[in-house]
$ cat structure.txt   # compact mmCIF, C-alpha atoms and all ligand atoms
# COMPACT_ATOMS: atom_id res chain seq x y z
CA MET A 1 0.00 0.00 0.00
CA PRO A 2 1.47 3.43 -0.91
CA HIS A 3 2.23 5.85 1.95
CA PRO A 4 -0.72 8.20 2.63
CA ASN A 5 1.60 11.22 2.08
CA ASP A 6 2.89 9.97 -1.30
CA PRO A 7 2.90 13.02 -3.67
CA LYS A 8 1.91 10.71 -6.56
CA LEU A 9 -1.40 9.62 -4.99
CA ARG A 10 -4.54 10.72 -6.82
CA SER A 11 -8.19 10.49 -5.84
CA PHE A 12 -11.13 9.47 -8.03
CA ILE A 13 -12.55 12.81 -6.89
CA SER A 14 -10.93 15.48 -9.01
CA VAL A 15 -9.02 17.99 -6.92
CA ASP A 16 -7.63 21.26 -8.27
CA PRO A 17 -3.85 21.60 -7.67
CA ALA A 18 -4.63 24.89 -5.88
CA SER A 19 -7.11 23.17 -3.52
CA ASP A 20 -6.14 22.92 0.15
CA PHE A 21 -7.65 19.44 0.38
CA PRO A 22 -5.97 16.85 -1.87
CA ILE A 23 -5.73 13.17 -0.94
CA GLN A 24 -2.37 13.90 0.76
CA ASN A 25 -4.13 16.09 3.36
CA LEU A 26 -7.43 14.59 4.68
CA PRO A 27 -8.08 17.04 7.53
CA TYR A 28 -10.76 16.25 10.12
CA GLY A 29 -13.73 18.42 10.99
CA VAL A 30 -17.29 18.33 12.33
CA PHE A 31 -20.09 19.14 9.90
CA SER A 32 -23.81 18.99 9.33
CA SER A 33 -25.69 19.17 6.04
CA LYS A 34 -29.14 19.63 4.55
CA ASP A 35 -30.09 16.02 5.38
CA GLY A 36 -31.08 17.07 8.91
CA LEU A 37 -28.68 14.63 10.60
CA ALA A 38 -26.86 15.83 13.70
CA PRO A 39 -23.29 17.25 13.46
CA ARG A 40 -20.77 14.45 12.91
CA VAL A 41 -17.17 13.82 11.88
CA GLY A 42 -15.99 14.29 8.30
CA VAL A 43 -12.85 14.68 6.24
CA ALA A 44 -12.28 17.31 3.52
CA ILE A 45 -11.44 16.06 0.03
CA GLY A 46 -11.46 18.62 -2.83
CA ASP A 47 -14.88 20.29 -2.83
CA TYR A 48 -16.48 17.53 -0.74
CA VAL A 49 -16.82 16.43 2.84
CA LEU A 50 -16.49 12.69 3.30
CA ASP A 51 -18.95 11.54 5.96
CA LEU A 52 -16.99 9.16 8.20
CA TRP A 53 -20.05 8.13 10.16
CA GLN A 54 -21.76 6.88 6.97
CA LEU A 55 -18.61 4.98 5.97
CA ALA A 56 -18.18 3.44 9.41
CA GLN A 57 -21.86 2.42 9.58
CA ASP A 58 -21.34 0.61 6.32
CA CYS A 59 -18.33 -1.16 7.94
CA ARG A 60 -15.82 0.51 5.61
CA ILE A 61 -13.61 1.84 8.42
CA ASP A 62 -13.15 -1.09 10.75
CA VAL A 63 -10.28 0.47 12.75
CA VAL A 64 -12.74 2.35 14.98
CA GLU A 65 -16.17 2.10 16.60
CA PRO A 66 -18.64 3.93 14.29
CA GLY A 67 -19.91 5.82 17.38
CA VAL A 68 -16.83 8.05 17.57
CA PHE A 69 -17.77 9.56 14.20
CA ALA A 70 -21.37 10.24 15.27
CA ALA A 71 -20.10 12.61 17.95
CA PRO A 72 -20.36 16.40 17.43
CA THR A 73 -16.68 16.74 18.40
CA LEU A 74 -13.40 14.99 17.59
CA ASN A 75 -12.49 14.41 21.25
CA PRO A 76 -13.70 10.75 21.36
CA PHE A 77 -11.75 9.93 18.20
CA MET A 78 -8.64 11.71 19.47
CA ALA A 79 -8.84 9.67 22.69
CA LEU A 80 -8.09 6.50 20.67
CA GLY A 81 -4.47 7.59 20.18
CA PRO A 82 -1.86 8.06 17.44
CA LYS A 83 -1.90 4.48 16.07
CA VAL A 84 -5.64 4.68 15.39
CA TRP A 85 -5.28 8.23 13.96
CA SER A 86 -2.70 6.95 11.53
CA ASN A 87 -4.50 3.74 10.55
CA THR A 88 -7.76 5.62 10.01
CA ARG A 89 -6.09 8.19 7.78
CA ALA A 90 -4.43 5.43 5.76
CA ARG A 91 -7.75 3.64 5.31
CA ILE A 92 -9.58 6.84 4.24
CA GLY A 93 -6.76 7.58 1.78
CA GLU A 94 -7.14 4.07 0.36
CA LEU A 95 -10.91 4.43 -0.07
CA LEU A 96 -10.40 7.71 -1.95
CA ARG A 97 -7.67 6.49 -4.33
CA HIS A 98 -8.36 6.69 -8.07
CA ASP A 99 -7.29 3.05 -8.51
CA TYR A 100 -9.25 1.58 -5.58
CA PRO A 101 -12.78 0.50 -6.54
CA GLU A 102 -14.49 -0.04 -3.17
CA LEU A 103 -15.99 3.45 -2.80
CA ARG A 104 -15.26 4.69 -6.33
CA ASP A 105 -17.58 2.09 -7.89
CA ASN A 106 -20.28 2.04 -5.21
CA GLU A 107 -22.60 4.78 -6.38
CA LYS A 108 -25.13 4.33 -3.58
CA LEU A 109 -22.52 4.68 -0.86
CA ARG A 110 -20.85 7.59 -2.66
CA ARG A 111 -24.15 9.46 -2.75
CA ARG A 112 -24.58 8.99 1.01
CA ALA A 113 -21.00 9.60 2.06
CA LEU A 114 -19.86 12.52 -0.14
CA VAL A 115 -21.46 15.83 0.77
CA PRO A 116 -20.69 18.89 -1.41
CA MET A 117 -18.70 21.33 0.72
CA ALA A 118 -21.14 24.06 -0.38
CA ASP A 119 -23.98 22.19 1.42
CA ALA A 120 -22.02 21.58 4.61
CA LYS A 121 -22.12 23.70 7.73
CA LEU A 122 -18.83 23.43 9.60
CA HIS A 123 -18.82 23.41 13.40
CA LEU A 124 -16.23 23.90 16.13
CA PRO A 125 -14.28 20.64 15.62
CA ILE A 126 -13.25 19.96 19.22
CA THR A 127 -14.51 20.48 22.74
CA VAL A 128 -11.78 22.83 23.90
CA ALA A 129 -10.57 21.56 27.26
CA GLY A 130 -8.14 24.37 27.98
CA TYR A 131 -6.63 27.18 25.94
CA THR A 132 -3.08 28.39 26.40
CA ASP A 133 -1.47 31.08 24.30
CA PHE A 134 2.28 31.40 23.79
CA TYR A 135 4.49 34.30 22.72
CA SER A 136 7.08 32.50 20.63
CA SER A 137 7.91 34.68 17.62
CA LYS A 138 11.05 36.63 18.41
CA GLU A 139 10.17 39.27 15.83
CA HIS A 140 6.65 39.75 17.29
CA ALA A 141 7.85 39.81 20.90
CA THR A 142 10.54 42.33 20.01
CA ASN A 143 8.10 44.59 18.13
CA VAL A 144 5.51 44.51 20.94
CA GLY A 145 8.22 44.98 23.57
CA VAL A 146 9.56 48.09 21.82
CA MET A 147 6.06 49.59 21.59
CA PHE A 148 4.94 48.72 25.15
CA ARG A 149 8.18 49.06 27.10
CA GLY A 150 10.75 50.80 24.91
CA LYS A 151 13.79 49.58 22.96
CA ASP A 152 15.92 48.78 26.00
CA ASN A 153 13.39 46.44 27.64
CA ALA A 154 11.88 44.92 24.50
CA LEU A 155 12.75 41.26 25.02
CA GLN A 156 12.51 40.33 28.72
CA PRO A 157 15.52 38.38 30.10
CA ASN A 158 13.50 35.14 30.43
CA TRP A 159 12.31 35.13 26.80
CA LEU A 160 15.33 33.37 25.25
CA HIS A 161 15.27 30.64 27.92
CA MET A 162 11.69 29.33 27.74
CA PRO A 163 8.47 29.58 25.73
CA ILE A 164 6.51 32.35 27.51
CA GLY A 165 2.74 31.86 27.68
CA TYR A 166 -0.44 32.56 29.61
CA ASN A 167 -3.60 30.59 30.37
CA GLY A 168 -6.41 31.84 28.14
CA ARG A 169 -10.14 31.09 28.02
CA ALA A 170 -11.47 27.90 26.42
CA SER A 171 -15.03 29.21 26.85
CA THR A 172 -14.79 31.75 24.03
CA VAL A 173 -13.03 29.70 21.32
CA VAL A 174 -15.29 29.87 18.24
CA VAL A 175 -15.23 28.44 14.74
CA SER A 176 -14.51 30.43 11.59
CA GLY A 177 -17.49 32.47 10.39
CA THR A 178 -18.64 33.40 13.90
CA GLN A 179 -19.04 37.16 14.20
CA VAL A 180 -17.08 38.84 16.95
CA ARG A 181 -18.59 41.58 19.08
CA ARG A 182 -16.30 44.49 19.89
CA PRO A 183 -15.44 44.05 23.57
CA ARG A 184 -15.90 46.61 26.31
CA GLY A 185 -13.46 47.10 29.13
CA GLN A 186 -11.41 49.42 31.29
CA LEU A 187 -9.51 51.94 29.25
CA LYS A 188 -6.94 54.45 30.37
CA PRO A 189 -5.08 56.16 27.57
CA PRO A 190 -1.66 57.38 28.78
CA ASN A 191 -2.67 61.06 28.62
CA VAL A 192 -5.78 60.60 30.81
CA GLU A 193 -5.68 60.47 34.60
CA LEU A 194 -8.41 57.98 35.48
CA PRO A 195 -9.76 54.86 33.76
CA SER A 196 -13.22 54.63 32.26
CA PHE A 197 -15.33 51.69 31.05
CA GLY A 198 -16.29 51.59 27.38
CA ALA A 199 -15.98 50.05 23.93
CA CYS A 200 -12.49 49.02 22.82
CA LYS A 201 -11.04 51.49 20.30
CA ARG A 202 -7.95 49.46 19.40
CA LEU A 203 -9.30 46.11 18.29
CA ASP A 204 -6.71 43.85 16.68
CA PHE A 205 -6.16 40.36 15.28
CA GLU A 206 -3.23 38.02 15.87
CA LEU A 207 -2.15 35.51 13.22
CA GLU A 208 -1.38 32.22 14.98
CA MET A 209 -1.42 28.48 14.54
CA GLY A 210 -3.15 26.34 17.17
CA VAL A 211 -1.98 22.90 18.27
CA VAL A 212 -4.75 20.43 19.11
CA VAL A 213 -3.61 18.11 21.90
CA GLY A 214 -5.09 14.65 21.28
CA GLN A 215 -3.68 12.66 24.19
CA PRO A 216 -3.50 13.43 27.91
CA SER A 217 -0.52 13.57 30.24
CA ARG A 218 -0.70 12.79 33.95
CA MET A 219 -0.38 15.39 36.66
CA GLY A 220 3.22 15.36 37.90
CA GLU A 221 4.59 13.82 34.70
CA MET A 222 7.19 15.54 32.52
CA LEU A 223 7.23 14.97 28.76
CA SER A 224 10.10 14.09 26.45
CA GLU A 225 10.32 15.60 22.97
CA LYS A 226 9.01 12.33 21.49
CA GLN A 227 6.12 12.00 23.96
CA ALA A 228 5.04 15.59 23.37
CA GLU A 229 5.17 15.15 19.61
CA GLU A 230 3.01 12.04 19.74
CA MET A 231 0.36 13.84 21.79
CA ILE A 232 -0.18 16.38 19.00
CA PHE A 233 -3.22 15.40 16.91
CA GLY A 234 -2.98 18.31 14.48
CA PHE A 235 -3.02 22.02 13.77
CA VAL A 236 -5.61 24.73 13.07
CA LEU A 237 -5.39 28.38 11.99
CA LEU A 238 -6.05 30.60 14.99
CA ASN A 239 -6.94 34.28 15.37
CA ASP A 240 -6.32 35.57 18.89
CA TRP A 241 -8.52 38.69 18.76
CA SER A 242 -6.94 41.31 21.01
CA ALA A 243 -8.12 44.60 22.55
CA ARG A 244 -4.90 46.58 22.65
CA ASP A 245 -6.19 49.49 24.75
CA ILE A 246 -7.60 47.13 27.39
CA GLN A 247 -4.36 45.12 27.25
CA GLN A 248 -2.05 48.11 27.69
CA TRP A 249 -3.80 49.18 30.92
CA GLU A 250 -4.42 45.75 32.49
CA TYR A 251 -1.34 43.67 31.62
CA VAL A 252 1.00 44.65 34.48
CA PRO A 253 2.00 42.45 36.26
CA LEU A 254 0.05 39.29 35.34
CA GLY A 255 -0.23 39.60 31.55
CA PRO A 256 -3.28 39.70 29.27
CA PHE A 257 -6.67 39.01 30.88
CA GLN A 258 -9.88 40.58 29.48
CA ALA A 259 -8.00 41.92 26.45
CA LYS A 260 -7.85 38.41 24.99
CA ALA A 261 -10.75 36.65 26.70
CA PHE A 262 -13.70 37.76 24.52
CA ALA A 263 -13.07 35.61 21.40
CA THR A 264 -10.51 33.33 19.76
CA SER A 265 -11.38 31.98 16.29
CA ILE A 266 -10.11 28.72 14.80
CA SER A 267 -10.41 27.09 11.37
CA PRO A 268 -12.95 24.24 11.11
CA TRP A 269 -10.43 21.77 9.63
CA ILE A 270 -7.71 20.16 11.73
CA VAL A 271 -4.75 19.22 9.56
CA THR A 272 -3.10 16.19 11.11
CA ARG A 273 0.49 16.23 12.26
CA GLU A 274 1.06 13.27 9.97
CA ALA A 275 -0.07 15.21 6.86
CA LEU A 276 2.42 17.99 7.73
CA GLU A 277 5.32 15.53 8.11
CA PRO A 278 6.86 16.23 4.62
CA PHE A 279 7.09 19.95 5.44
CA ARG A 280 9.18 19.79 8.62
CA VAL A 281 12.11 22.20 8.79
CA HIS A 282 14.56 23.42 11.40
CA GLY A 283 13.54 26.59 13.26
CA PRO A 284 15.92 29.52 13.83
CA GLU A 285 19.11 28.71 15.73
CA GLN A 286 18.50 28.89 19.49
CA ASN A 287 21.16 30.88 21.25
CA PRO A 288 21.65 30.54 24.23
CA THR A 289 21.22 26.78 24.02
CA PRO A 290 17.99 25.87 25.82
CA LEU A 291 18.11 23.91 29.09
CA SER A 292 18.33 20.19 28.43
CA TYR A 293 14.60 19.44 28.97
CA LEU A 294 13.86 21.79 26.03
CA LYS A 295 16.51 20.41 23.64
CA GLN A 296 15.27 19.12 20.28
CA ALA A 297 16.81 16.17 18.45
CA GLN A 298 14.80 16.79 15.29
CA PRO A 299 13.39 19.69 13.30
CA ASN A 300 10.00 20.59 14.79
CA ASN A 301 9.09 23.66 12.71
CA TYR A 302 7.04 23.60 9.49
CA ASP A 303 7.46 25.41 6.20
CA MET A 304 3.91 26.74 6.08
CA GLN A 305 2.86 29.84 4.18
CA LEU A 306 0.43 32.13 5.91
CA ASP A 307 -1.51 35.09 4.73
CA VAL A 308 -3.99 37.56 6.14
CA GLY A 309 -6.60 39.57 4.25
CA LEU A 310 -8.71 42.48 5.48
CA ARG A 311 -12.03 43.43 3.90
CA ALA A 312 -13.81 46.58 5.01
CA ALA A 313 -17.61 46.46 4.71
CA GLN A 314 -17.60 48.42 1.42
CA MET A 315 -14.87 46.35 -0.27
CA ASN A 316 -15.70 43.50 -2.69
CA GLU A 317 -12.70 41.43 -1.79
CA ALA A 318 -10.12 41.26 0.94
CA MET A 319 -6.77 43.01 0.56
CA ARG A 320 -3.72 41.07 1.67
CA ILE A 321 -2.08 42.78 4.63
CA CYS A 322 0.42 40.13 5.77
CA ARG A 323 2.35 37.26 4.18
CA THR A 324 4.58 35.21 6.44
CA ASN A 325 5.63 31.67 7.33
CA PHE A 326 5.22 29.44 10.40
CA LYS A 327 8.88 28.37 10.07
CA TYR A 328 10.11 31.61 11.69
CA MET A 329 8.82 30.65 15.16
CA TYR A 330 11.68 30.65 17.68
CA TRP A 331 10.10 28.09 20.03
CA SER A 332 8.45 25.07 18.36
CA SER A 333 5.06 23.60 19.30
CA VAL A 334 6.84 20.54 20.71
CA GLN A 335 8.99 22.73 22.99
CA GLN A 336 5.86 24.62 24.08
CA LEU A 337 4.11 21.39 25.04
CA VAL A 338 7.18 20.00 26.85
CA HIS A 339 7.49 23.27 28.79
CA HIS A 340 3.75 23.38 29.53
CA ALA A 341 3.90 20.00 31.29
CA SER A 342 7.31 20.58 32.89
CA SER A 343 5.98 21.68 36.29
CA GLY A 344 3.69 18.66 36.43
CA CYS A 345 0.76 20.42 34.75
CA ALA A 346 -1.59 17.75 33.36
CA MET A 347 -2.56 18.12 29.69
CA ASN A 348 -6.01 17.08 28.51
CA ILE A 349 -7.50 15.74 25.30
CA GLY A 350 -8.83 18.82 23.51
CA ASP A 351 -6.32 21.30 24.90
CA LEU A 352 -5.58 24.07 22.42
CA LEU A 353 -2.16 25.75 22.36
CA GLY A 354 -1.82 29.03 20.45
CA SER A 355 1.63 29.39 18.90
CA GLY A 356 1.80 33.11 19.63
CA THR A 357 1.55 35.75 16.92
CA ILE A 358 3.54 34.74 13.86
CA SER A 359 5.57 37.64 12.52
CA GLY A 360 8.76 37.46 10.47
CA PRO A 361 11.88 39.49 9.81
CA GLU A 362 10.33 41.64 7.04
CA LYS A 363 7.80 44.44 7.35
CA HIS A 364 5.16 42.65 5.24
CA GLN A 365 5.46 39.67 7.62
CA ARG A 366 3.92 41.36 10.66
CA GLY A 367 1.08 39.26 12.08
CA SER A 368 -0.99 41.94 13.90
CA LEU A 369 -2.27 45.46 13.23
CA LEU A 370 -0.43 46.64 16.34
CA GLU A 371 2.79 45.94 14.43
CA ILE A 372 1.53 46.79 10.92
CA SER A 373 0.35 50.26 12.01
CA TRP A 374 3.15 50.56 14.57
CA ASN A 375 0.80 51.20 17.49
CA GLY A 376 -1.46 53.36 15.35
CA THR A 377 1.23 55.74 14.10
CA GLU A 378 1.56 54.36 10.53
CA PRO A 379 -1.97 53.77 9.16
CA LEU A 380 -2.49 50.98 6.67
CA GLU A 381 -3.78 52.14 3.28
CA LEU A 382 -6.79 50.26 1.93
CA PRO A 383 -8.32 50.81 -1.55
CA GLU A 384 -10.23 54.05 -2.30
CA GLY A 385 -8.42 56.13 0.27
CA ARG A 386 -9.58 54.11 3.28
CA LYS A 387 -7.15 53.79 6.17
CA ARG A 388 -6.85 51.49 9.16
CA THR A 389 -4.86 51.62 12.32
CA PHE A 390 -7.08 49.07 14.14
CA LEU A 391 -10.23 47.14 13.16
CA GLU A 392 -13.51 48.97 12.58
CA ASP A 393 -17.06 47.62 12.90
CA GLY A 394 -17.99 45.66 9.78
CA ASP A 395 -14.37 44.71 8.94
CA SER A 396 -13.77 41.08 8.06
CA LEU A 397 -10.45 39.36 8.66
CA VAL A 398 -9.41 36.19 6.79
CA MET A 399 -6.38 34.01 7.48
CA ARG A 400 -5.14 31.23 5.22
CA GLY A 401 -2.32 28.73 5.52
CA TRP A 402 -0.84 25.95 3.42
CA CYS A 403 2.27 23.86 2.84
CA GLN A 404 3.28 23.73 -0.82
CA GLY A 405 4.14 20.29 -2.17
CA ASP A 406 5.21 19.39 -5.70
CA GLY A 407 1.95 19.83 -7.65
CA TYR A 408 -0.33 19.87 -4.60
CA ARG A 409 -0.77 21.76 -1.35
CA VAL A 410 -1.70 20.68 2.15
CA GLY A 411 -3.82 23.56 3.41
CA PHE A 412 -6.13 24.67 6.19
CA GLY A 413 -8.87 26.51 4.31
CA GLU A 414 -9.50 29.70 6.23
CA VAL A 415 -10.44 31.25 9.52
CA GLU A 416 -12.69 34.26 9.04
CA GLY A 417 -14.41 36.63 11.44
CA SER A 418 -16.10 40.00 11.14
CA ILE A 419 -16.62 42.70 13.74
CA LEU A 420 -19.99 43.63 15.22
CA PRO A 421 -20.42 46.94 17.06
CA ALA A 422 -20.13 46.86 20.87
CA SER A 423 -23.43 46.13 22.56
O1 LIG B 1 2.95 42.33 27.08
C1 LIG B 1 3.34 41.79 26.07
O2 LIG B 1 4.54 41.72 25.82
C2 LIG B 1 2.39 41.23 25.08
C3 LIG B 1 1.72 40.08 25.26
C4 LIG B 1 0.77 39.57 24.30
O3 LIG B 1 0.31 40.26 23.37
C5 LIG B 1 0.32 38.19 24.52
C6 LIG B 1 0.08 37.39 23.29
O4 LIG B 1 -1.06 37.13 22.91
C7 LIG B 1 1.32 36.91 22.63
C8 LIG B 1 1.33 36.42 21.21
O5 LIG B 1 0.30 36.11 20.60
O6 LIG B 1 2.44 36.28 20.68
CA CA B 2 -1.76 35.77 21.09
MG MG B 3 -7.95 35.15 22.47

$ encode --input "structure.txt" --output "structure tokens"
Amino acid sequence: MPHPNDPKLRSFISVDPASDFPIQNLPYGVFSSKDGLAPRVGVAIGDYVLDLWQLAQDCRIDVVEPGVFAAPTLNPFMALGPKVWSNTRARIGELLRHDYPELRDNEKLRRRALVPMADAKLHLPITVAGYTDFYSSKEHATNVGVMFRGKDNALQPNWLHMPIGYNGRASTVVVSGTQVRRPRGQLKPPNVELPSFGACKRLDFELEMGVVVGQPSRMGEMLSEKQAEEMIFGFVLLNDWSARDIQQWEYVPLGPFQAKAFATSISPWIVTREALEPFRVHGPEQNPTPLSYLKQAQPNNYDMQLDVGLRAAQMNEAMRICRTNFKYMYWSSVQQLVHHASSGCAMNIGDLLGSGTISGPEKHQRGSLLEISWNGTEPLELPEGRKRTFLEDGDSLVMRGWCQGDGYRVGFGEVEGSILPAS
């Protein structure tokens, strides 16, 4: 049997080379369709969603209990562990191959199991157990540090020794397409003496990737690089919406709180770690050498292109405002997970780890408006004379990500959200 990542594989379903969802990808999600059935587990292939519950009911995927695919969340499937994840993906890849007749030639089953993407509603794919957000792009941390604390205190002394993070809110993680209401909070601009409570005036996005943790670790247990890697089920695109004015006033000394608690958006498709395997690369050199528990024996970064578009209410299409790459991250997702468990903190199935804002060395690689507009001092020019320092009501933000293979791409689709006025 060919390897499920083989670039030569083709499906009997025709897939455009520019599609994010060729047979080499097979990302998992939760969907419902016009048939009135409850939300269940599916896999994206070209312009279709493959209904895994229908396939399993028909005994076509015997590696798992059909019940796990009837669930409105991937948590029960993730609980089965990496061997089952891998065997299931291999079996789905086999069923979709152009030279494998079992599904290809069974018209009745095909009609039940292949739902046009256009008819599918995509749901939040996991029950988010906990949400942690890191701060692992050196370029982003330096830019924010310069703006918030000045050039001499930009990177704090701990930053080069460990992945810095904070515990965020799982309760407000939403799926792409969910509208985001402008938050209210305490504001105290530097030139004003006392704080007031009101609508955020400096609403921002943050371009991030999210790691979906698919296996638990025990309280008190440390993780090796290998153990941490094997706990990672896959990745999603993540937008850590941020209220910069609330953040600037509240963050000392415990870090972001309400500024980042009102909404975090993720893409509906989880691209598996296994599908990203061919795109592994080394991250930037780490100097000083990390303490031994954080050392990496293998490359744990990914060559993944990322772009962000902004569409104001009056614009027909989004304008690209950032183009960067996940490979620039200083601390890898594996190091973040190892560090997260290093005190004995238990990890749960369904934990979501934000990578931290992904910026890069160049100006066009800045992953937030805070950096793009340099704290509001260099407005971004949109078509027809419009300008932006931060997000306005009605603005829509779209993030995309993909790894480019030879003649195909392994992509994430998009995470989109638009801004509603404060209530
Ligand atoms: O105070 C600071 O230095 C800034 C902290 C953040 O903005 C937290 C955050 O979300 C980090 C990130 O996404 O990289
Ligand atoms: Ca963030
Ligand atoms: Mg958030």

$ residues_near_ligand --input "structure.txt" --ligand "ligand LIG 1 (chain B)" --cutoff "10 Å" --atoms "only C-alpha atoms and all ligand atoms" --output "VMD selection string"
chain A and resid 132 to 149 154 to 156 164 to 166 168 205 to 209 239 to 244 247 to 248 250 to 257 259 to 260 354 to 359 367 to 368 370

$ atom_distance --input "structure.txt" --atom1 "CA of Val281 (chain A)" --atom2 "CA of Asp303 (chain A)"
6.2 Å

$ closest_residue --input "structure.txt" --among "A:Pro2, A:Ile232, A:Ile61, A:Phe262" --to "ligand MG 3 (chain B)" --atoms "only C-alpha atoms and all ligand atoms"
A:Phe262

$ residues_around --input "structure.txt" --residues "Arg181 (chain A)" --least-positions-apart "2" --cutoff "9 Å" --atoms "all atoms listed in the file" --output "PyMOL selection string"
chain A and resi 179+183+262-263+393+418-423

$ atom_distance --input "structure.txt" --atom1 "CA of Asn375 (chain A)" --atom2 "CA of Lys387 (chain A)"
14.1 Å

$ atom_distance --input "structure.txt" --atom1 "CA of Ala90 (chain A)" --atom2 "CA of Pro4 (chain A)"
5.6 Å

$ residues_around --input "structure.txt" --residues "region 233-237 of chain A" --least-positions-apart "2" --cutoff "8 Å" --atoms "all atoms listed in the file" --output "MDAnalysis selection string"
chainID A and resid 78 82 207:215 230:231 239 266:274 399:401 412 414:415

$ write_last_selection --input "structure.txt" --atoms "C-alpha atoms" --output "compact mmCIF listing (two decimals), keeping the file's coordinate frame"
# COMPACT_ATOMS: atom_id res chain seq x y z
CA MET A 78 -8.64 11.71 19.47
CA PRO A 82 -1.86 8.06 17.44
CA LEU A 207 -2.15 35.51 13.22
CA GLU A 208 -1.38 32.22 14.98
CA MET A 209 -1.42 28.48 14.54
CA GLY A 210 -3.15 26.34 17.17
CA VAL A 211 -1.98 22.90 18.27
CA VAL A 212 -4.75 20.43 19.11
CA VAL A 213 -3.61 18.11 21.90
CA GLY A 214 -5.09 14.65 21.28
CA GLN A 215 -3.68 12.66 24.19
CA GLU A 230 3.01 12.04 19.74
CA MET A 231 0.36 13.84 21.79
CA ASN A 239 -6.94 34.28 15.37
CA ILE A 266 -10.11 28.72 14.80
CA SER A 267 -10.41 27.09 11.37
CA PRO A 268 -12.95 24.24 11.11
CA TRP A 269 -10.43 21.77 9.63
CA ILE A 270 -7.71 20.16 11.73
CA VAL A 271 -4.75 19.22 9.56
CA THR A 272 -3.10 16.19 11.11
CA ARG A 273 0.49 16.23 12.26
CA GLU A 274 1.06 13.27 9.97
CA MET A 399 -6.38 34.01 7.48
CA ARG A 400 -5.14 31.23 5.22
CA GLY A 401 -2.32 28.73 5.52
CA PHE A 412 -6.13 24.67 6.19
CA GLU A 414 -9.50 29.70 6.23
CA VAL A 415 -10.44 31.25 9.52

$ residues_around --input "structure.txt" --residues "Asn106 (chain A)" --least-positions-apart "3" --cutoff "12 Å" --atoms "all atoms listed in the file" --output "list in words"
Leu55, Asp58, Arg60, Leu95, Leu96, Tyr100, Pro101, Glu102, Leu103, Leu109, Arg110, Arg111, Arg112, Ala113 and Leu114 of chain A

$ closest_residue --input "structure.txt" --among "A:Arg182, A:Gln298, A:Val334, A:Pro189" --to "Asp395 (chain A)" --atoms "only C-alpha atoms"
A:Arg182

$ residues_around --input "structure.txt" --residues "region 10-14 of chain A" --least-positions-apart "5" --cutoff "7 Å" --atoms "all atoms listed in the file" --output "ChimeraX atom specification"
/A:23,46,96-98,104

$ closest_residue --input "structure.txt" --among "A:Ser332, A:Leu382, A:Thr289, A:Thr264" --to "ligand CA 2 (chain B)" --atoms "all atoms listed in the file"
A:Thr264

$ closest_residue --input "structure.txt" --among "A:Leu203, A:Ala44, A:Met304, A:Ala346" --to "Tyr328 (chain A)" --atoms "only C-alpha atoms"
A:Met304

$ residues_around --input "structure.txt" --residues "region 65-72 of chain A" --least-positions-apart "5" --cutoff "12 Å" --atoms "all atoms listed in the file" --output "number ranges by chain"
A: 28-32, 37-43, 50-60, 77-80, 84, 88, 122-127

$ closest_residue --input "structure.txt" --among "A:Ala312, A:Met329, A:Leu353, A:Cys322" --to "Pro284 (chain A)" --atoms "all atoms listed in the file"
A:Met329

$ decode --input "structure.txt" --residues "region 319-328 of chain A" --atoms "N, CA and C atoms" --output "tab-separated table (two decimals), in the first residue's frame"
chain	number	residue	atom	x	y	z
A	319	MET	N	-8.11	42.62	0.98
A	319	MET	CA	-6.77	43.01	0.56
A	319	MET	C	-5.76	42.31	1.46
A	320	ARG	N	-4.72	41.75	0.85
A	320	ARG	CA	-3.72	41.07	1.67
A	320	ARG	C	-2.92	42.08	2.48
A	321	ILE	N	-2.82	41.83	3.78
A	321	ILE	CA	-2.08	42.78	4.63
A	321	ILE	C	-0.88	42.13	5.33
A	322	CYS	N	-0.74	40.81	5.17
A	322	CYS	CA	0.42	40.13	5.77
A	322	CYS	C	0.68	38.84	5.02
A	323	ARG	N	1.96	38.53	4.78
A	323	ARG	CA	2.35	37.26	4.18
A	323	ARG	C	3.58	36.77	4.92
A	324	THR	N	3.43	35.68	5.66
A	324	THR	CA	4.58	35.21	6.44
A	324	THR	C	4.66	33.69	6.43
A	325	ASN	N	5.41	33.12	7.34
A	325	ASN	CA	5.63	31.67	7.33
A	325	ASN	C	5.78	31.18	8.78
A	326	PHE	N	5.18	30.03	9.06
A	326	PHE	CA	5.22	29.44	10.40
A	326	PHE	C	6.65	29.03	10.79
A	327	LYS	N	7.53	28.87	9.78
A	327	LYS	CA	8.88	28.37	10.07
A	327	LYS	C	9.71	29.34	10.90
A	328	TYR	N	9.31	30.62	10.95
A	328	TYR	CA	10.11	31.61	11.69
A	328	TYR	C	10.00	31.48	13.20
